[in-house]
>>> print(open('data-v8.txt').read())   # compact mmCIF, C-alpha atoms
# COMPACT_ATOMS: atom_id res chain seq x y z
CA MET Z 1 0.00 0.00 0.00
CA ILE Z 2 1.09 3.51 -0.74
CA ALA Z 3 -0.23 6.64 0.93
CA SER Z 4 -1.90 9.13 -1.37
CA GLN Z 5 -1.66 12.92 -1.07
CA ASP Z 6 -4.74 13.07 1.15
CA GLY Z 7 -3.25 10.49 3.55
CA THR Z 8 -5.53 7.60 2.56
CA LYS Z 9 -4.02 4.29 1.54
CA LYS Z 10 -4.37 3.11 -2.01
CA VAL Z 11 -3.45 -0.09 -3.74
CA SER Z 12 0.01 0.00 -5.29
CA LEU Z 13 0.32 -0.18 -9.06
CA ASP Z 14 1.95 -3.62 -9.00
CA THR Z 15 -0.92 -4.90 -6.84
CA GLU Z 16 -3.45 -3.55 -9.35
CA LEU Z 17 -1.65 -5.49 -12.08
CA ARG Z 18 -1.44 -8.68 -9.98
CA ASN Z 19 -5.13 -8.42 -9.00
CA ALA Z 20 -6.12 -8.24 -12.67
CA ALA Z 21 -3.90 -11.23 -13.50
CA ALA Z 22 -5.48 -13.23 -10.67
CA LYS Z 23 -9.00 -12.30 -11.82
CA LEU Z 24 -8.18 -13.39 -15.37
CA ARG Z 25 -6.71 -16.70 -14.16
CA LYS Z 26 -9.84 -17.41 -12.10
CA HIS Z 27 -12.06 -16.87 -15.14
CA VAL Z 28 -9.74 -18.84 -17.43
CA LYS Z 29 -9.85 -21.75 -14.97
CA HIS Z 30 -13.64 -21.92 -15.09
CA ALA Z 31 -14.19 -21.06 -18.76
CA THR Z 32 -14.78 -23.68 -21.42
CA ASP Z 33 -11.40 -24.60 -22.87
CA GLY Z 34 -10.60 -23.53 -26.42
CA PRO Z 35 -10.10 -23.10 -29.23
CA TRP Z 36 -13.34 -21.20 -29.67
CA VAL Z 37 -15.03 -20.67 -33.03
CA THR Z 38 -18.18 -18.89 -34.18
CA SER Z 39 -21.10 -20.18 -36.16
CA THR Z 40 -24.30 -18.77 -37.52
CA VAL Z 41 -27.18 -20.34 -35.65
CA TRP Z 42 -30.69 -21.09 -36.79
CA SER Z 43 -33.33 -21.61 -34.15
CA PRO Z 44 -37.04 -22.30 -34.62
CA ARG Z 45 -38.04 -19.07 -32.91
CA ALA Z 46 -35.14 -17.05 -34.36
CA THR Z 47 -33.85 -16.39 -30.85
CA SER Z 48 -30.18 -16.86 -31.74
CA THR Z 49 -28.28 -15.42 -34.67
CA SER Z 50 -24.69 -16.33 -33.76
CA ALA Z 51 -22.89 -18.54 -31.29
CA VAL Z 52 -19.46 -19.47 -29.99
CA TYR Z 53 -18.44 -23.10 -29.68
CA SER Z 54 -15.41 -24.87 -28.24
CA HIS Z 55 -13.60 -27.32 -30.50
CA ALA Z 56 -12.17 -28.98 -27.38
CA HIS Z 57 -15.46 -30.87 -26.93
CA PRO Z 58 -17.56 -33.01 -29.30
CA ALA Z 59 -19.78 -30.94 -31.60
CA GLY Z 60 -23.38 -30.73 -30.50
CA THR Z 61 -22.67 -31.42 -26.83
CA VAL Z 62 -23.56 -29.02 -24.04
CA ASP Z 63 -19.84 -28.79 -23.19
CA SER Z 64 -19.07 -27.44 -26.67
CA GLU Z 65 -21.43 -24.49 -26.26
CA VAL Z 66 -19.77 -21.30 -25.01
CA VAL Z 67 -22.44 -18.67 -25.69
CA ALA Z 68 -25.26 -17.90 -28.12
CA SER Z 69 -26.52 -14.46 -28.93
CA GLY Z 70 -29.20 -12.98 -31.09
CA LYS Z 71 -32.55 -11.32 -30.96
CA ILE Z 72 -35.97 -12.57 -30.06
CA ARG Z 73 -38.36 -12.44 -32.98
CA SER Z 74 -40.51 -9.89 -31.16
CA GLY Z 75 -37.53 -7.54 -31.05
CA TYR Z 76 -37.09 -7.55 -27.27
CA GLY Z 77 -33.81 -8.38 -25.58
CA GLY Z 78 -30.82 -10.26 -26.89
CA ILE Z 79 -27.59 -9.24 -28.51
CA ARG Z 80 -28.20 -8.40 -32.13
CA ASN Z 81 -24.67 -8.08 -33.41
CA PRO Z 82 -22.92 -11.25 -34.67
CA TRP Z 83 -19.60 -9.42 -34.27
CA ASN Z 84 -20.06 -9.88 -30.52
CA ALA Z 85 -19.69 -13.63 -31.00
CA GLU Z 86 -16.60 -13.09 -33.15
CA TYR Z 87 -15.07 -10.91 -30.44
CA ILE Z 88 -15.85 -13.41 -27.69
CA ALA Z 89 -14.22 -16.17 -29.72
CA LEU Z 90 -11.06 -14.07 -30.13
CA MET Z 91 -10.85 -13.61 -26.36
CA GLN Z 92 -10.81 -17.33 -25.57
CA PRO Z 93 -9.15 -18.63 -22.37
CA ALA Z 94 -5.71 -19.00 -23.98
CA VAL Z 95 -5.70 -15.24 -24.65
CA GLY Z 96 -6.70 -14.55 -21.05
CA ALA Z 97 -3.95 -16.81 -19.72
CA ALA Z 98 -1.32 -15.10 -21.89
CA LEU Z 99 -2.55 -11.66 -20.82
CA ALA Z 100 -2.38 -12.72 -17.16
CA LYS Z 101 1.28 -13.67 -17.65
CA LEU Z 102 1.98 -10.33 -19.31
CA LEU Z 103 0.32 -8.46 -16.42
CA ASP Z 104 2.45 -10.39 -13.92
CA VAL Z 105 5.65 -9.52 -15.79
CA GLU Z 106 4.63 -5.86 -15.80
CA ALA Z 107 3.82 -6.10 -12.08
CA ASP Z 108 7.36 -7.33 -11.43
CA VAL Z 109 8.81 -4.38 -13.38
CA VAL Z 110 6.57 -1.89 -11.58
CA ALA Z 111 7.39 -3.42 -8.17
CA ALA Z 112 11.11 -3.07 -8.89
CA ARG Z 113 10.62 0.59 -9.83
CA ILE Z 114 8.62 1.21 -6.63
CA ALA Z 115 11.38 -0.43 -4.57
CA GLU Z 116 13.91 1.85 -6.28
CA ASP Z 117 12.58 5.07 -4.76
CA GLY Z 118 9.80 4.00 -2.40
CA THR Z 119 6.96 5.61 -4.39
CA ASP Z 120 4.94 4.80 -7.45
CA ASP Z 121 5.62 8.25 -8.96
CA TYR Z 122 7.91 6.82 -11.63
CA ALA Z 123 6.83 3.17 -11.52
CA ALA Z 124 4.60 3.49 -14.54
CA ASP Z 125 4.70 5.78 -17.54
CA PHE Z 126 1.14 7.04 -17.37
CA GLY Z 127 1.28 8.27 -20.95
CA THR Z 128 1.95 4.83 -22.38
CA ASP Z 129 1.28 2.28 -19.63
CA TYR Z 130 -1.38 0.36 -21.49
CA LEU Z 131 -1.11 -2.73 -19.30
CA LEU Z 132 -2.09 -0.70 -16.24
CA ASP Z 133 -5.10 0.62 -18.17
CA ILE Z 134 -6.04 -2.96 -19.10
CA ALA Z 135 -5.64 -4.07 -15.47
CA ARG Z 136 -7.92 -1.29 -14.29
CA HIS Z 137 -10.59 -2.24 -16.81
CA ILE Z 138 -10.39 -5.87 -15.67
CA ASN Z 139 -10.53 -4.82 -12.02
CA GLY Z 140 -13.45 -2.52 -12.70
CA ALA Z 141 -11.48 0.57 -11.74
CA GLU Z 142 -11.18 3.77 -13.70
CA ALA Z 143 -8.50 3.38 -16.39
CA ALA Z 144 -7.27 6.93 -16.25
CA ARG Z 145 -5.64 8.36 -13.15
>>> encode(input="data-v8.txt", output="structure tokens")
Amino acid sequence: MIASQDGTKKVSLDTELRNAAAKLRKHVKHATDGPWVTSTVWSPRATSTSAVYSHAHPAGTVDSEVVASGKIRSGYGGIRNPWNAEYIALMQPAVGAALAKLLDVEADVVAARIAEDGTDDYAADFGTDYLLDIARHINGAEAAR
């Protein structure tokens, strides 16, 4: 923990990065394993327009289904954009695991910089520290300081 200007304690930058990595790993652990692919879906009531499936499980099984999205024929609810399924498939668990590793490496770098002078003033380059921004989005915190 590092004291802020108003005397309150805040989470250090390396902890923010490690928290995001841990959150990703938890979700990767429980997500359907990949690779994930998308498919156009037809349903009798036109409730789904696109879906994401895992090729790690036999086709047509419940285990192979990652998510389906679409719109209900009446026009209420649902995700209407098939690009959402494409995006979800790109962000499969292997991507999350690799990003978690990258966040941990950055946390080590930031921790070393904090140890250098005892503050987080120079631990991250706030103009270009994209991994800290990513960590804050994952953690649900504001990305900009």
>>> closest_residue(input="data-v8.txt", among="Z:Leu17, Z:Arg136, Z:Tyr53, Z:Ala115", to="Leu90 in chain Z", atoms="all atoms listed in the file")
Z:Tyr53
>>> atom_distance(input="data-v8.txt", atom1="CA of Tyr130 in chain Z", atom2="CA of Val66 in chain Z")
28.6 Å
>>> residues_near_point(input="data-v8.txt", point="(-7.2, -14.8, -19.7)", cutoff="8 Å", atoms="all atoms listed in the file", output="list of chain:residue names")
Z:Ala21, Z:Leu24, Z:Arg25, Z:His27, Z:Val28, Z:Met91, Z:Gln92, Z:Pro93, Z:Ala94, Z:Val95, Z:Gly96, Z:Ala97, Z:Ala98, Z:Leu99, Z:Ala100
>>> atom_distance(input="data-v8.txt", atom1="CA of Ala123 in chain Z", atom2="CA of Asn139 in chain Z")
19.1 Å
>>> closest_residue(input="data-v8.txt", among="Z:Val110, Z:Lys101, Z:Ile88, Z:Asp121", to="Trp36 in chain Z", atoms="only C-alpha atoms")
Z:Ile88
>>> closest_residue(input="data-v8.txt", among="Z:Glu16, Z:Glu86, Z:Asp117, Z:Asp108", to="Thr40 in chain Z", atoms="all atoms listed in the file")
Z:Glu86
>>> closest_residue(input="data-v8.txt", among="Z:Ser39, Z:Asn84, Z:Asn19, Z:Thr32", to="Val62 in chain Z", atoms="only C-alpha atoms")
Z:Thr32
>>> atom_distance(input="data-v8.txt", atom1="CA of Ala59 in chain Z", atom2="CA of Lys29 in chain Z")
21.4 Å
>>> closest_residue(input="data-v8.txt", among="Z:His57, Z:Leu103, Z:Ile114, Z:Val67", to="Ile138 in chain Z", atoms="only C-alpha atoms")
Z:Leu103
>>> closest_residue(input="data-v8.txt", among="Z:Ala111, Z:Val37, Z:Ala20, Z:Ala31", to="Leu131 in chain Z", atoms="all atoms listed in the file")
Z:Ala20
